[in-house]
Amino acid sequence: QVQLVESGGGLVQAGGALRLSCAASGRTFSTYAMGWFRQAPGKEREFVAAFIRSGDNTYYADSVKGRFTISRDNAGNTVYLQMNSLEPEDTALYYCAESSYDSTLFVMYAIPKNYNYWGQGTQVTVYS
């Protein structure tokens, strides 16, 4: 079992920044990747970014590339999502997820079904 707890969401004006955190605990030794997804009301869950443990690689959705940065702490138990130049379209409930799926194709980490555990989510609201 892996437990994930997100924090750092809030209300921010367009152009502003927020940093989300995801603290992982439990059987994290089998984790291959950590991902961030988001879901706006009435929309499908959407991939945002992934941190792939092998080689410390990162992978981003085109919509956030250049604005968002995913990283993790040295202990490997906390993953961050730095979000800059926020837009109203970024408004959503942001979820952290853990994957034990081993793939060299980074695009596989954009698929929600390849994640085993999910946090409860943290709300991000961007107003113009």
# chains A, B, ... in the order shown; residues from 1 in each chain; ligands from 1
>>> residues_around(residues="segment 87-91 of chain A", least_positions_apart="5", cutoff="12 Å", atoms="only C-alpha atoms", output="NGL selection string")
:A and (9-18 or 37-41 or 43 or 46-48 or 63-64 or 67-68 or 122-128)
>>> select_by_dssp(residues="segment 47-126 of chain A", states="helix (DSSP H, G or I)", output="MDAnalysis selection string")
chainID A and resid 54:56 88:90 106:110 112:114
>>> residues_around(residues="Ala24 of chain A", least_positions_apart="2", cutoff="10 Å", atoms="only C-alpha atoms", output="list of chain:residue names")
A:Val2, A:Gln3, A:Leu4, A:Val5, A:Glu6, A:Ser21, A:Cys22, A:Gly26, A:Arg27, A:Thr28, A:Met34, A:Gly76, A:Asn77, A:Thr78, A:Val79, A:Cys96, A:Ala97, A:Glu98, A:Gly119
>>> write_last_selection(atoms="all heavy atoms", output="short mmCIF file (atom, residue, chain, number, x, y, z; two decimals), in the first residue's frame")
data_model
loop_
_atom_site.label_atom_id
_atom_site.label_comp_id
_atom_site.auth_asym_id
_atom_site.auth_seq_id
_atom_site.Cartn_x
_atom_site.Cartn_y
_atom_site.Cartn_z
N VAL A 2 0.43 2.23 -0.74
CA VAL A 2 1.10 3.53 -0.78
C VAL A 2 0.06 4.59 -0.46
O VAL A 2 -1.04 4.58 -1.00
CB VAL A 2 1.72 3.80 -2.16
CG1 VAL A 2 2.29 5.20 -2.23
CG2 VAL A 2 2.80 2.76 -2.48
N GLN A 3 0.43 5.49 0.42
CA GLN A 3 -0.46 6.59 0.76
C GLN A 3 0.13 7.88 0.18
O GLN A 3 1.33 8.13 0.29
CB GLN A 3 -0.61 6.74 2.28
CG GLN A 3 -1.32 5.58 2.95
CD GLN A 3 -0.42 4.36 3.13
OE1 GLN A 3 0.74 4.48 3.48
NE2 GLN A 3 -0.96 3.17 2.90
N LEU A 4 -0.74 8.68 -0.41
CA LEU A 4 -0.33 9.93 -1.04
C LEU A 4 -1.17 11.07 -0.48
O LEU A 4 -2.40 10.97 -0.44
CB LEU A 4 -0.52 9.85 -2.55
CG LEU A 4 0.19 8.70 -3.27
CD1 LEU A 4 -0.25 8.63 -4.73
CD2 LEU A 4 1.69 8.87 -3.19
N VAL A 5 -0.49 12.13 -0.10
CA VAL A 5 -1.19 13.30 0.44
C VAL A 5 -0.70 14.54 -0.28
O VAL A 5 0.49 14.88 -0.21
CB VAL A 5 -0.96 13.44 1.96
CG1 VAL A 5 -1.68 14.68 2.48
CG2 VAL A 5 -1.44 12.19 2.70
N GLU A 6 -1.61 15.20 -0.98
CA GLU A 6 -1.28 16.43 -1.70
C GLU A 6 -1.53 17.65 -0.82
O GLU A 6 -2.40 17.62 0.07
CB GLU A 6 -2.12 16.58 -2.98
CG GLU A 6 -2.03 15.42 -3.94
CD GLU A 6 -3.21 14.48 -3.83
OE1 GLU A 6 -3.79 14.38 -2.73
OE2 GLU A 6 -3.56 13.84 -4.84
N SER A 21 2.66 19.94 -3.43
CA SER A 21 3.50 18.88 -2.86
C SER A 21 2.69 17.60 -2.75
O SER A 21 1.48 17.63 -2.53
CB SER A 21 3.99 19.28 -1.47
OG SER A 21 4.77 20.45 -1.50
N CYS A 22 3.39 16.48 -2.87
CA CYS A 22 2.77 15.17 -2.71
C CYS A 22 3.69 14.33 -1.85
O CYS A 22 4.79 13.96 -2.28
CB CYS A 22 2.55 14.51 -4.06
SG CYS A 22 1.96 12.80 -3.95
N GLY A 26 4.56 4.43 2.86
CA GLY A 26 4.18 3.04 2.62
C GLY A 26 5.20 2.34 1.75
O GLY A 26 6.38 2.64 1.79
N ARG A 27 4.74 1.45 0.90
CA ARG A 27 5.62 0.59 0.09
C ARG A 27 6.08 1.31 -1.18
O ARG A 27 5.76 0.93 -2.29
CB ARG A 27 4.91 -0.70 -0.27
CG ARG A 27 4.53 -1.53 0.95
CD ARG A 27 3.85 -2.82 0.54
NE ARG A 27 4.74 -3.64 -0.29
CZ ARG A 27 4.36 -4.76 -0.87
NH1 ARG A 27 3.11 -5.19 -0.74
NH2 ARG A 27 5.20 -5.48 -1.59
N THR A 28 6.88 2.35 -0.99
CA THR A 28 7.31 3.16 -2.12
C THR A 28 8.51 2.59 -2.86
O THR A 28 8.93 3.13 -3.87
CB THR A 28 7.64 4.58 -1.65
OG1 THR A 28 8.67 4.51 -0.66
CG2 THR A 28 6.43 5.27 -1.06
N MET A 34 6.10 8.91 -10.45
CA MET A 34 5.07 9.69 -9.76
C MET A 34 4.50 10.67 -10.78
O MET A 34 5.27 11.29 -11.53
CB MET A 34 5.66 10.44 -8.58
CG MET A 34 6.19 9.54 -7.49
SD MET A 34 4.91 8.63 -6.65
CE MET A 34 4.03 9.97 -5.83
N GLY A 76 13.30 11.14 -1.97
CA GLY A 76 12.42 10.49 -2.94
C GLY A 76 11.02 10.26 -2.46
O GLY A 76 10.24 9.59 -3.13
N ASN A 77 10.66 10.83 -1.32
CA ASN A 77 9.33 10.58 -0.77
C ASN A 77 8.34 11.71 -1.02
O ASN A 77 7.16 11.57 -0.73
CB ASN A 77 9.43 10.34 0.73
CG ASN A 77 10.18 9.06 1.04
OD1 ASN A 77 10.09 8.10 0.28
ND2 ASN A 77 10.91 9.05 2.13
N THR A 78 8.83 12.83 -1.53
CA THR A 78 7.95 13.96 -1.81
C THR A 78 8.19 14.43 -3.24
O THR A 78 9.33 14.60 -3.65
CB THR A 78 8.19 15.12 -0.84
OG1 THR A 78 7.97 14.66 0.50
CG2 THR A 78 7.24 16.28 -1.13
N VAL A 79 7.11 14.61 -3.95
CA VAL A 79 7.17 15.11 -5.32
C VAL A 79 6.49 16.47 -5.36
O VAL A 79 5.47 16.68 -4.70
CB VAL A 79 6.48 14.13 -6.28
CG1 VAL A 79 6.39 14.71 -7.69
CG2 VAL A 79 7.22 12.81 -6.33
N CYS A 96 -2.15 13.64 -7.24
CA CYS A 96 -0.86 12.96 -7.30
C CYS A 96 -1.13 11.47 -7.43
O CYS A 96 -2.10 10.95 -6.84
CB CYS A 96 -0.10 13.28 -6.01
SG CYS A 96 1.43 12.39 -5.80
N ALA A 97 -0.27 10.77 -8.18
CA ALA A 97 -0.48 9.34 -8.36
C ALA A 97 0.86 8.62 -8.41
O ALA A 97 1.88 9.20 -8.81
CB ALA A 97 -1.25 9.08 -9.65
N GLU A 98 0.83 7.36 -8.03
CA GLU A 98 2.04 6.52 -7.98
C GLU A 98 1.92 5.36 -8.96
O GLU A 98 0.86 4.73 -9.06
CB GLU A 98 2.24 5.98 -6.57
CG GLU A 98 3.48 5.12 -6.38
CD GLU A 98 3.25 3.63 -6.64
OE1 GLU A 98 2.11 3.24 -6.92
OE2 GLU A 98 4.23 2.86 -6.53
N GLY A 119 -3.89 10.19 -4.66
CA GLY A 119 -4.22 11.01 -3.52
C GLY A 119 -5.65 11.52 -3.62
O GLY A 119 -6.37 11.22 -4.57
#
>>> closest_residue(among="A:Ala23, A:Ala92, A:Leu86, A:Ala33", to="Met108 of chain A", atoms="only C-alpha atoms")
A:Ala33
>>> closest_residue(among="A:Gln1, A:Leu81, A:Trp36, A:Arg53", to="Leu20 of chain A", atoms="only C-alpha atoms")
A:Leu81
>>> residues_around(residues="Ser71 of chain A", least_positions_apart="2", cutoff="9 Å", atoms="only C-alpha atoms", output="PyMOL selection string")
chain A and resi 50-51+56+58+69+73+78-82
>>> atom_distance(atom1="atom CA of Ala61 of chain A", atom2="atom CA of Ala49 of chain A")
6.1 Å
>>> closest_residue(among="A:Leu93, A:Asn57, A:Arg72, A:Phe106", to="Gln120 of chain A", atoms="only C-alpha atoms")
A:Leu93
>>> closest_residue(among="A:Gly35, A:Met83, A:Lys65, A:Tyr59", to="Leu105 of chain A", atoms="only C-alpha atoms")
A:Tyr59
>>> residues_around(residues="Ser100 of chain A", least_positions_apart="3", cutoff="6 Å", atoms="only C-alpha atoms", output="PyMOL selection string")
chain A and resi 30-32
>>> write_last_selection(atoms="N, CA and C atoms", output="PDB file, in the first residue's frame")
ATOM      1  N   SER A  30       8.691   0.105  -4.698  1.00  0.00           N
ATOM      2  CA  SER A  30       8.330  -0.431  -6.008  1.00  0.00           C
ATOM      3  C   SER A  30       7.828   0.663  -6.956  1.00  0.00           C
ATOM      4  N   THR A  31       8.025   1.895  -6.570  1.00  0.00           N
ATOM      5  CA  THR A  31       7.544   3.008  -7.385  1.00  0.00           C
ATOM      6  C   THR A  31       8.478   3.260  -8.561  1.00  0.00           C
ATOM      7  N   TYR A  32       7.934   3.301  -9.765  1.00  0.00           N
ATOM      8  CA  TYR A  32       8.713   3.625 -10.949  1.00  0.00           C
ATOM      9  C   TYR A  32       8.515   5.065 -11.386  1.00  0.00           C
TER      10      TYR A  32
END
>>> atom_distance(atom1="atom CA of Glu44 of chain A", atom2="atom CA of Pro112 of chain A")
10.7 Å
>>> closest_residue(among="A:Ala110, A:Asn116, A:Asn84, A:Gly8", to="Asp62 of chain A", atoms="only C-alpha atoms")
A:Ala110
